[in-house]
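Here is the file run14.cif (mmCIF, C-alpha atoms and all ligand atoms).
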data_upload
#
loop_
_atom_site.label_atom_id
_atom_site.label_comp_id
_atom_site.auth_asym_id
_atom_site.auth_seq_id
_atom_site.Cartn_x
_atom_site.Cartn_y
_atom_site.Cartn_z
CA MET A 3 94.65 108.18 107.40
CA THR A 4 95.08 104.69 106.01
CA LEU A 5 95.39 104.65 102.24
CA ILE A 6 94.15 101.11 101.62
CA ALA A 7 91.98 99.53 104.28
CA TRP A 8 91.91 95.73 104.25
CA ARG A 9 88.53 94.50 103.10
CA ASP A 10 87.14 91.01 103.29
CA GLU A 11 86.50 91.01 99.56
CA PHE A 12 90.30 90.99 99.10
CA ARG A 13 90.42 87.49 100.52
CA THR A 14 91.19 84.82 97.93
CA GLY A 15 91.18 81.89 100.35
CA ILE A 16 94.72 80.88 99.31
CA PRO A 17 96.62 81.47 102.59
CA ALA A 18 100.00 82.34 101.02
CA VAL A 19 98.36 84.77 98.58
CA ASP A 20 96.23 86.41 101.28
CA HIS A 21 99.25 86.81 103.51
CA GLU A 22 101.21 88.52 100.75
CA HIS A 23 98.29 90.77 99.84
CA ALA A 24 98.05 91.90 103.47
CA GLU A 25 101.82 92.51 103.59
CA LEU A 26 101.78 94.53 100.36
CA ILE A 27 98.94 96.69 101.64
CA ARG A 28 100.81 97.25 104.89
CA LEU A 29 103.97 98.29 103.02
CA ILE A 30 102.12 100.68 100.71
CA ASN A 31 100.22 102.21 103.64
CA GLU A 32 103.45 102.67 105.57
CA THR A 33 105.16 104.36 102.62
CA HIS A 34 102.14 106.58 102.13
CA ALA A 35 102.06 107.58 105.81
CA GLN A 36 105.74 108.54 105.67
CA LEU A 37 105.05 110.67 102.63
CA LEU A 38 102.14 112.41 104.32
CA ALA A 39 104.22 113.10 107.39
CA GLY A 40 106.92 114.60 105.18
CA ARG A 41 109.43 112.17 106.67
CA ALA A 42 110.57 110.66 103.39
CA ASP A 43 113.24 112.33 101.28
CA ALA A 44 113.97 111.37 97.67
CA GLY A 45 116.35 108.59 98.75
CA ALA A 46 113.83 107.06 101.14
CA ILE A 47 111.09 107.25 98.51
CA GLY A 48 113.33 105.52 95.97
CA GLU A 49 114.14 102.81 98.47
CA ALA A 50 110.48 102.30 99.35
CA LEU A 51 109.58 102.02 95.66
CA GLY A 52 112.32 99.44 95.16
CA GLU A 53 111.00 97.42 98.09
CA ILE A 54 107.42 97.60 96.79
CA LEU A 55 108.56 96.52 93.32
CA ALA A 56 110.57 93.56 94.71
CA ARG A 57 107.71 92.33 96.90
CA ILE A 58 105.12 92.74 94.16
CA SER A 59 107.33 90.85 91.69
CA ALA A 60 107.73 87.99 94.17
CA HIS A 61 103.98 87.95 94.81
CA PHE A 62 103.14 87.86 91.11
CA ALA A 63 105.61 85.00 90.63
CA LEU A 64 103.78 83.02 93.31
CA GLU A 65 100.37 83.59 91.71
CA GLU A 66 101.70 82.76 88.26
CA GLN A 67 103.24 79.56 89.57
CA ILE A 68 99.87 78.54 91.05
CA MET A 69 98.09 79.40 87.79
CA ARG A 70 100.56 77.47 85.66
CA ALA A 71 100.39 74.41 87.92
CA ARG A 72 96.59 74.43 87.72
CA ARG A 73 96.45 75.22 83.99
CA TYR A 74 94.33 78.25 84.79
CA ASP A 75 92.26 79.37 81.78
CA PHE A 76 92.74 83.09 82.44
CA PHE A 77 96.49 82.84 82.91
CA ALA A 78 97.49 85.07 79.98
CA GLN A 79 95.09 87.88 80.89
CA HIS A 80 95.98 87.78 84.56
CA LYS A 81 99.73 87.74 83.84
CA ALA A 82 99.35 90.63 81.39
CA GLU A 83 97.74 92.72 84.12
CA HIS A 84 100.65 91.92 86.44
CA GLU A 85 103.13 92.95 83.78
CA ARG A 86 101.36 96.23 83.18
CA LEU A 87 101.68 97.17 86.83
CA ILE A 88 105.35 96.19 86.95
CA ASP A 89 106.00 98.36 83.87
CA ASP A 90 104.13 101.26 85.50
CA ILE A 91 106.13 100.99 88.70
CA ARG A 92 109.43 100.83 86.77
CA GLU A 93 108.45 103.94 84.84
CA ILE A 94 107.55 105.77 88.04
CA MET A 95 110.89 104.75 89.58
CA GLN A 96 112.75 106.12 86.59
CA GLU A 97 110.85 109.39 86.79
CA GLN A 98 111.50 109.55 90.50
CA GLU A 99 115.23 109.04 89.91
CA ARG A 100 115.15 111.96 87.49
CA GLY A 101 113.58 114.03 90.25
CA ALA A 102 110.19 114.30 88.59
CA TYR A 103 108.29 112.82 91.53
CA ALA A 104 108.01 114.72 94.75
CA GLY A 105 105.28 115.79 97.13
CA ASP A 106 101.94 115.90 95.35
CA ALA A 107 103.12 113.57 92.62
CA MET A 108 104.01 110.87 95.16
CA GLU A 109 100.57 111.28 96.66
CA ARG A 110 99.04 110.67 93.25
CA LEU A 111 101.25 107.63 92.72
CA ALA A 112 100.10 106.18 96.05
CA ARG A 113 96.49 106.61 95.01
CA GLU A 114 97.13 105.00 91.64
CA LEU A 115 98.71 101.98 93.32
CA SER A 116 95.82 101.80 95.74
CA ALA A 117 93.27 101.83 92.92
CA TRP A 118 95.17 99.18 90.95
CA PHE A 119 95.38 96.86 93.93
CA SER A 120 91.77 97.18 94.94
CA GLY A 121 90.70 96.54 91.35
CA HIS A 122 93.04 93.62 90.70
CA PHE A 123 92.30 91.84 93.99
CA ARG A 124 88.57 92.10 93.43
CA THR A 125 88.62 90.99 89.80
CA GLN A 126 91.61 88.88 88.64
CA ASP A 127 92.68 87.50 92.02
CA ALA A 128 89.10 86.84 93.14
CA ARG A 129 88.36 85.03 89.86
CA LEU A 130 91.52 82.95 90.25
CA HIS A 131 90.27 81.80 93.63
CA ARG A 132 86.71 81.11 92.47
CA LEU A 133 87.71 79.09 89.44
CA LEU A 134 90.38 77.06 91.17
CA GLY A 135 88.01 76.23 93.98
CA VAL A 136 90.87 76.48 96.44
CA SER A 137 89.72 76.48 100.04
FE FE B 1 97.18 88.70 90.58
FE FE B 2 97.64 89.18 93.97
#
Could you render the structure from this file as structure tokens?
Amino acid sequence: MTLIAWRDEFRTGIPAVDHEHAELIRLINETHAQLLAGRADAGAIGEALGEILARISAHFALEEQIMRARRYDFFAQHKAEHERLIDDIREIMQEQERGAYAGDAMERLARELSAWFSGHFRTQDARLHRLLGVS
């Protein structure tokens, strides 16, 4: 079962942003599928989390660069939401390294990430697109 299905409402209309959103969803779905299949051990999970964190950080940097260049009015709020997710992922990685995350807990983490993405794409990222009028 796919954790996050791509939906048209995720589209921002900024090609580079849409491409990265699709890639992030693919990566998270892949990690989730490996977890479900029981194919991922602690090392593989740690690696996947590191990869997700690196890609998300790069993606946020791109959006923040666009916002700064366009003097976007909601920049601070949008950036704060990015930073919250990065903090959450770092915390989860630390817990995982301590062995606190396995099995069911990883499943919950995947669902948390899924909920955050769906919410952020639909609200902050969609507003960024609307207000910039990027086509
Ligand atoms: Fe964003
Ligand atoms: Fe985004």
Nearby polymer residues, ligand FE 2 (chain B), at most 9 Å, only C-alpha atoms and all ligand atoms, as a list in words: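 So, counting only C-alpha atoms and all ligand atoms, the residues near ligand FE 2 (chain B) are Thr14, Val19, Asp20, Glu22, His23, Ile58, His61, Phe62, Leu64, Glu65, His84, Phe119, His122, Phe123, Gln126, Asp127 and Ala128 of chain A.
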CA of Asp75 (chain A) to CA of Leu133 (chain A), distance in Å rounded to a single decimal: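 Those two atoms sit 8.9 Å apart.
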Just need the box for region 24-31 of chain A, edges along x, y and z, holding every atom the file lists for it with 6 Å tacked onto each side, so centre and edge lengths in Å to one decimal, as lines of an AutoDock Vina configuration file.
center_x = 101.0
center_y = 97.1
center_z = 102.6
size_x = 17.9
size_y = 22.3
size_z = 16.5
Gap from CA of Ala7 (chain A) to CA of Glu25 (chain A) - Å, one decimal: 12.1 Å
Residue contacts of Glu114 (chain A) (12 Å, all atoms listed in the file) excluding same-chain residues fewer than 6 positions away, as a ChimeraX atom specification: /A:5-6,30,34,87,90-91,94,107-108,120-121
Within 12 Å of file point (98.0, 76.2, 98.6), counting all atoms listed in the file, expressed as a list in words: Thr14, Gly15, Ile16, Pro17, Ala18, Val19, Asp20, His21, Leu64, Glu65, Gln67, Ile68, Met69, Ala71, Arg72, His131, Leu134, Gly135, Val136 and Ser137 of chain A
Take the residues from that selection and put them in a file with C-alpha atoms, as a short mmCIF file (atom, residue, chain, number, x, y, z; two decimals), in the coordinates of the input.
data_model
loop_
_atom_site.label_atom_id
_atom_site.label_comp_id
_atom_site.auth_asym_id
_atom_site.auth_seq_id
_atom_site.Cartn_x
_atom_site.Cartn_y
_atom_site.Cartn_z
CA THR A 14 91.19 84.82 97.93
CA GLY A 15 91.18 81.89 100.35
CA ILE A 16 94.72 80.88 99.31
CA PRO A 17 96.62 81.47 102.59
CA ALA A 18 100.00 82.34 101.02
CA VAL A 19 98.36 84.77 98.58
CA ASP A 20 96.23 86.41 101.28
CA HIS A 21 99.25 86.81 103.51
CA LEU A 64 103.78 83.02 93.31
CA GLU A 65 100.37 83.59 91.71
CA GLN A 67 103.24 79.56 89.57
CA ILE A 68 99.87 78.54 91.05
CA MET A 69 98.09 79.40 87.79
CA ALA A 71 100.39 74.41 87.92
CA ARG A 72 96.59 74.43 87.72
CA HIS A 131 90.27 81.80 93.63
CA LEU A 134 90.38 77.06 91.17
CA GLY A 135 88.01 76.23 93.98
CA VAL A 136 90.87 76.48 96.44
CA SER A 137 89.72 76.48 100.04
#
Within 10 Å of Glu32 (chain A) using all atoms listed in the file, minus same-chain residues under 6 positions, as a VMD selection string: chain A and resid 4 to 5 26 38 50
Print the selection's residues with C-alpha atoms to a file, as a PDB file, in the coordinates of the input.
ATOM      1  CA  THR A   4      95.080 104.690 106.010  1.00  0.00           C
ATOM      2  CA  LEU A   5      95.390 104.650 102.240  1.00  0.00           C
ATOM      3  CA  LEU A  26     101.780  94.530 100.360  1.00  0.00           C
ATOM      4  CA  LEU A  38     102.140 112.410 104.320  1.00  0.00           C
ATOM      5  CA  ALA A  50     110.480 102.300  99.350  1.00  0.00           C
TER       6      ALA A  50
END
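Checking A:His80, A:Arg113, A:Arg132, A:Arg86 one by one against ligand FE 1 (chain B), counting only C-alpha atoms and all ligand atoms, you find the shortest gap at A:His80.
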Nearest residue to Thr125 (chain A) from the set A:Leu51, A:Glu83, A:Asn31, A:Glu66 (distances using all atoms listed in the file): A:Glu83
Pick from A:Ala112, A:Ile54, A:Ala117, A:Ala60 nearest to Leu29 (chain A), counting only C-alpha atoms: A:Ile54
Who sits within 8 Å of Ala44 (chain A), all atoms listed in the file, same chain under 3 positions skipped, as number ranges by chain: A: 47-48, 98, 101, 104
Restricting the output to C-alpha atoms, write the selected residues as a compact mmCIF listing (two decimals), in the coordinates of the input.
# COMPACT_ATOMS: atom_id res chain seq x y z
CA ILE A 47 111.09 107.25 98.51
CA GLY A 48 113.33 105.52 95.97
CA GLN A 98 111.50 109.55 90.50
CA GLY A 101 113.58 114.03 90.25
CA ALA A 104 108.01 114.72 94.75
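Coordinates place CA of Glu99 (chain A) at a distance of 25.8 Å from CA of Ala82 (chain A).
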